[in-house]
Amino acid sequence: MNKPSSQYWGWGFVAPVVVGVAILNYWPAIHALWLSMQSWNLLDAPTFVGLDNYRELLASDSFWMTVKQTSIYVIGVVLLEIVLALTIAMSLYKVTRGKKVFQILSFLPYVTPALAVSLIFAWLYHPEQGLINAVLLKTSLMSTPLAWLYTPWSALVAVMSLEVWKATGYNMLLLLGALQAIPKNLDEAAMLDGAQGFKKAWLVTLPQIAPTLFLVGLMTIIHALQAFDAIYLLTQGGPNRATTVLAFALYEAAFQRFELGQATAIGYIMFSVIAVLTLIQWYARKHWVWQEEGVS
Amino acid sequence: MNKALSIRQLPLYLLLTLVAITSLLPMWEMMVLSLSDNKVLMQSQGVVLWPKGFSLDAYKNLLSHSSIWIALFNSLVVSFVASVGHVLSSALAGYALVQLPFRGKGIITLMILLTLLLPPQVNIVPLFLLMKSAGLLNSYGALIIPALVSGFGVMLFRQWFLSFPSSLKEASTLEGCTPLETFWYVALPTATSPMISLGLLSFIGLWGSFLWPLVAIHNSKLVTLPLFLAQLKQQYRDVLDWPTLMAGAAIAIIPIVIVFLILQKPFFKQVVSGDGSK
C-alpha cells in the first residue's frame, strides 16, 4: 500500500478541495488583510493607509452603535435559539408518538429562503392587519398596535425574531442527534439513583450533550453575525440605522459607498471576534466538559 | 420501554403543537394572501386568516412574466450543479483523509477545518475582486464556483468514511481496482446518507442564497429567485400588491419544501441518529 504512487492518489483526491479553499478562502482572507490597510474606491489606485481604516472605525460613534446592535442581535438570537432548540429537542426525544411529524414541522422553517420569509414577515408585522400585533393585542401583552418595522427598538426585535423562527430548527436537529447518542445504560443508571425530571436533565443529560451544545452555540454565533438578508429586505438597516449590524454595515461600505478598505476592516473585526470566541469555547470545552473522549 | 401515550407527556405535546403552529402559520398566511383578490384585500380590515375574495390573479400575473421563469430556472440549475459538485469534492477529500496514505494529511485536515471559522462576509470583497479579475462576474461560474467546496462537507464525509471497513478496500485493490475505482464503485455507494444530507443542506443554502448573488450578478438573464423577490418588493412597494408579493414568496418556498419532504427521511436518519445504515 505504501508504494510512492499511492501518495499521488491521496493528493489527487484532496486536490479539488485544497485548491478550492486556497483560492476561495485563504487567498481572499490574505487579500482582505491587505485591502483593509488601503484607501480604495475601486476606480483610482489604492493608497496604503496602514491601520487608519481600523482607527477611523474605532473612533466613530456610528460604528460603536453598530457593534452594540450587533451584540444585542447576536446574544439575543443565540440565547433564544439555544433555549428553544434544546426545549424542542428534549420534548421530541421524550415523546413516543408523532415524533416524525413534529420533527419535520419544527425543521421546516430552516429550508425556506430568507428573502421569501422576509416578505411574509413584512405582512405579519403589518400594523393593522398583521398577525403579530393581533396576537399581542388579544393576549393583552400590548395595548396599542405597534408599527414594528418603523420603530427603532422593535425593528431590531423584528429581524431577530425572524432569524429565530428560521434557524432554530437546525440547532434543534443537531441537539436531538446528540441526545439520541447518549448511551441508554446511563439513562437507566440515573433512574436507579432516583434522578428524574429536571434533576436528571441537569445532572445527566446536559453534561452528555455539552460538547454538541458548545459547538452549536459557536456555530450559531458565527451565523448570527452574518445577519443580512432580512435586514436588507425589511429595514435597509433603519429606521434611524437601528438595525444596522456589522454585516450590513460591511455591505454598505463595500457596495454602496465603495470604501473597500473600510469594508474589509469591518470584515476583519468580525473575524477577530469569531477567533476569540472560538478560543474561549475551545478552552471552556477542555475545562468544563467531562468524558469527551472514550464515550463515543 | 412503555410505548403507550402517558398523561405525563401531555405538556410536551402541547409545546410541540405550539411549535408546529408557529412553523406553519407564516406559510399559511402566505398562501391565504397569495390567493386573495387585491381589491377585496385592500378594503378588508383586521387579520386575514382566509383568502379575501379568492383569486388566482396574483399567480397568473406573476407567471406571465418571463423573468420569474428565468429566475426559477437559474436557481434550479445553480443549486443543483453546485450541490452535486460540493458533494463530490467533499466525498473525495473526506475519503482520502481517512482511507488513503499520503504525506501532509494532518496539515491539510487542519487547513480544511479552519475554513469553518471564516465568516463568508470577511471574504466577500476580495472574492468579488477575484471574480472580477477572472472575468466571472455575471456568469453561472460566479454563482456556482464559490459553493463547490467547504470544510463542513469534507468533515462530514471524513467522519463517515472512518468506519469504512478496510477489508472492502483491500479486496477491491486485490481485484485490481485503482483507488479511484474503489472509491467510486465500492466506497461511495455506501455513503448515500451523507450524500443526501450534504446535498440537501447545500441545495437549501444555495436556493436561499442572497448576498453573494446580489453582489456578483447584475444581469437580468442570471437573476436567481431571491434576487427576483428583492426586485419584486422594490416594484410593488408603493403599489401595495400583497397577493403578488406572497405569490412570489410561495413560488420560492414551495419547490424547496417539496425537495425537503422527498428527502427528509434519509436526511433525518443521518443527521439525527448519526447513522443512516441502522
# chains A, B, ... in the order shown; residues from 1 in each chain; ligands from 1

call {"tool": "interface_residues", "arguments": {"of": "chain B", "to": "chain A", "cutoff": "7 Å", "atoms": "only C-alpha atoms", "output": "short mmCIF file (atom, residue, chain, number, x, y, z; two decimals) with C-alpha atoms, in the first residue's frame"}}
result
data_model
loop_
_atom_site.label_atom_id
_atom_site.label_comp_id
_atom_site.auth_asym_id
_atom_site.auth_seq_id
_atom_site.Cartn_x
_atom_site.Cartn_y
_atom_site.Cartn_z
CA LYS B 3 -44.71 2.89 24.19
CA LEU B 5 -49.09 7.62 25.47
CA GLN B 9 -46.36 13.62 28.00
CA LEU B 12 -44.72 18.06 25.70
CA LEU B 16 -44.70 20.68 20.16
CA VAL B 19 -44.03 24.93 17.73
CA ALA B 20 -45.74 23.30 14.76
CA SER B 23 -43.78 26.99 11.90
CA PRO B 26 -46.42 32.25 8.32
CA MET B 30 -48.53 33.44 2.58
CA GLN B 45 -59.71 45.20 7.97
CA GLY B 46 -58.08 43.14 10.66
CA VAL B 47 -56.33 39.82 10.45
CA VAL B 48 -56.68 37.79 7.26
CA SER B 89 -15.46 17.23 -3.89
CA LEU B 92 -13.34 12.57 -2.47
CA ALA B 93 -11.41 14.58 0.10
CA ALA B 96 -8.77 10.31 1.11
CA LEU B 100 -5.57 6.79 1.62
CA PRO B 101 -1.99 7.09 2.80
CA PHE B 102 -0.24 10.29 1.83
CA THR B 115 -12.16 27.44 6.99
CA LEU B 117 -14.21 29.78 11.27
CA LEU B 118 -14.05 32.23 8.42
CA PRO B 119 -17.36 34.06 8.03
CA GLN B 121 -18.51 38.18 4.66
CA VAL B 122 -14.86 38.64 5.53
CA ASN B 123 -14.09 37.33 2.08
CA VAL B 125 -14.93 41.94 -1.11
CA PRO B 126 -11.79 40.05 -2.17
CA LEU B 127 -13.95 37.29 -3.67
CA PRO B 146 -17.76 29.54 -4.53
CA VAL B 149 -16.01 23.27 -1.63
CA PRO B 179 -8.14 3.86 -5.63
CA ILE B 204 -31.23 24.65 0.67
CA TRP B 207 -31.70 28.14 -3.09
CA GLY B 208 -31.91 30.84 -0.43
CA PHE B 210 -28.94 36.23 -1.47
CA LEU B 211 -25.94 38.37 -0.53
CA PRO B 226 -34.03 35.60 -4.05
CA LEU B 229 -38.00 38.58 -4.86
CA ALA B 230 -35.94 41.60 -3.85
CA MET B 246 -46.91 36.49 -1.47
CA ALA B 249 -42.72 34.04 -1.90
CA ALA B 252 -39.74 30.37 -3.99
CA ILE B 253 -40.84 28.33 -0.97
CA ILE B 256 -37.72 23.71 -1.75
CA VAL B 257 -40.33 22.38 0.67
CA VAL B 271 -28.44 13.80 10.98
CA VAL B 272 -30.42 12.68 13.98
CA SER B 273 -29.17 9.17 14.60
CA GLY B 274 -25.79 9.87 13.08
#

call {"tool": "residues_around", "arguments": {"residues": "Leu33 in chain B", "least_positions_apart": "3", "cutoff": "8 Å", "atoms": "only C-alpha atoms", "output": "mmCIF file with C-alpha atoms, in the first residue's frame"}}
result
data_model
loop_
_atom_site.group_PDB
_atom_site.id
_atom_site.type_symbol
_atom_site.label_atom_id
_atom_site.label_comp_id
_atom_site.auth_asym_id
_atom_site.auth_seq_id
_atom_site.Cartn_x
_atom_site.Cartn_y
_atom_site.Cartn_z
ATOM 1 C CA GLU B 29 -50.629 33.488 5.741
ATOM 2 C CA MET B 30 -48.529 33.440 2.584
ATOM 3 C CA SER B 36 -56.687 36.753 -2.265
ATOM 4 C CA VAL B 48 -56.682 37.786 7.263
ATOM 5 C CA TRP B 50 -58.785 33.028 4.900
ATOM 6 C CA PRO B 51 -58.463 34.255 1.296
ATOM 7 C CA LYS B 52 -60.287 37.547 0.746
ATOM 8 C CA TRP B 242 -49.584 41.883 -1.237
ATOM 9 C CA PRO B 243 -51.087 38.962 -3.196
ATOM 10 C CA MET B 246 -46.913 36.492 -1.467
ATOM 11 C CA ALA B 247 -47.305 34.550 -4.687
#
